[in-house]
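> Quick one: this structure, given as structure tokens, is what I'll be asking you about.
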Amino acid sequence: MSIANTLADVCLREWEFFRRSSINLDGTSTVGLREYDPGGWQRVADYWKFIGGAYANLTGLDRGTPWSAAFISWAMNAAGAGDKFPYSAGHATYINRAIKNAGISSAALIGHRLGEYAPKVGDLVGYWRGGKPISFDNAPKIGWYESHTDIVVEVGNGFVHCIGGNVLHSVTKRAVRTNASGIVTDRKQNWFVVIENRI
């Protein structure tokens, strides 16, 4: 049984906790609870505690260390992904795993190029950050790179809503534009991969 709906519920609860920080299709935004606000930083600490190791004592007050992948990992675990998800402090870990699984229908995470797959609830959409362009083809060869993923929580007509951490210093719901076939066409970020979640 898929964890997709449970994962969406986990993300939506966190979004509610962070007071509905949002980015709309027109680019306007609202910010509720921030990572460094009372209550916010303690919640970010929970994400880091799940990652553990050298990250176990970080909080939302440690603003030099991005916590977006810690949020994704925490949410996946909370939804029941178990050992099927490669938990990490960096998005590239599971992006690369998914891309390497492209074409393997039995894999838990399967990477797709933007134009080849319409994201569903529970899937992840990813973009690269930083100066060096990342593509579906070169990402696994590079290994580590600055990146970000959000979890899809709703599919609409001409958009998907997805939720990610460390967006606007909060857990934020973002509207991402799609075409009539559900393919991501948004150009506000450097989107390059959709991860099909079969967990």
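Ligands are numbered from 1 in the order shown, residues from 1 within each chain, and chains are lettered A, B, ... in the order they appear in the structure tokens.
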Would you give me, as a ChimeraX atom specification, the residues in stretch 47-132 of chain A that DSSP reads as strand (DSSP E or B)?

/A:109-112,124-128

> Would you output that residue set with N, CA and C atoms, as a PDB file, in the first residue's frame?


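For reference, selection-v8.pdb as written:
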ATOM      1  N   LEU A 109      11.863   4.503  -5.621  1.00  0.00           N
ATOM      2  CA  LEU A 109      11.946   5.870  -6.119  1.00  0.00           C
ATOM      3  C   LEU A 109      12.446   5.830  -7.555  1.00  0.00           C
ATOM      4  N   ILE A 110      11.708   6.459  -8.475  1.00  0.00           N
ATOM      5  CA  ILE A 110      12.078   6.427  -9.883  1.00  0.00           C
ATOM      6  C   ILE A 110      12.155   7.852 -10.411  1.00  0.00           C
ATOM      7  N   GLY A 111      13.304   8.231 -10.932  1.00  0.00           N
ATOM      8  CA  GLY A 111      13.487   9.563 -11.484  1.00  0.00           C
ATOM      9  C   GLY A 111      12.946   9.671 -12.896  1.00  0.00           C
ATOM     10  N   HIS A 112      12.356  10.836 -13.187  1.00  0.00           N
ATOM     11  CA  HIS A 112      11.825  11.120 -14.520  1.00  0.00           C
ATOM     12  C   HIS A 112      12.250  12.525 -14.949  1.00  0.00           C
ATOM     13  N   LEU A 124       7.958  13.672  -5.589  1.00  0.00           N
ATOM     14  CA  LEU A 124       8.817  14.817  -5.288  1.00  0.00           C
ATOM     15  C   LEU A 124       9.207  15.522  -6.588  1.00  0.00           C
ATOM     16  N   VAL A 125       9.317  16.832  -6.523  1.00  0.00           N
ATOM     17  CA  VAL A 125       9.832  17.610  -7.646  1.00  0.00           C
ATOM     18  C   VAL A 125      11.101  18.306  -7.163  1.00  0.00           C
ATOM     19  N   GLY A 126      12.130  18.346  -8.035  1.00  0.00           N
ATOM     20  CA  GLY A 126      13.424  18.854  -7.597  1.00  0.00           C
ATOM     21  C   GLY A 126      14.027  19.868  -8.538  1.00  0.00           C
ATOM     22  N   TYR A 127      14.787  20.800  -7.952  1.00  0.00           N
ATOM     23  CA  TYR A 127      15.523  21.782  -8.748  1.00  0.00           C
ATOM     24  C   TYR A 127      16.938  21.922  -8.214  1.00  0.00           C
ATOM     25  N   TRP A 128      17.818  22.404  -9.098  1.00  0.00           N
ATOM     26  CA  TRP A 128      19.201  22.646  -8.679  1.00  0.00           C
ATOM     27  C   TRP A 128      19.365  24.101  -8.273  1.00  0.00           C
TER      28      TRP A 128
END

> Find the spatial neighbours of stretch 68-73 of chain A, counting only C-alpha atoms, within a cut-off of 10 Å - ignore same-chain residues fewer than 6 positions away - and output them as a PyMOL selection string.

chain A and resi 7+11+14+43-52+55+79+81+85-94+124+147-151+163-167+169-171

> Expressed in Å to a single decimal, how great is the separation between atom CA of A:Gln189 and atom CA of A:Arg177?

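So the answer is 11.0 Å.
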
> Give me every helix (DSSP H, G or I) residue in stretch 54-136 of chain A, going by DSSP on the backbone, as an MDAnalysis selection string.

chainID A and resid 54:55 68:79 82:84 91:100 114:116
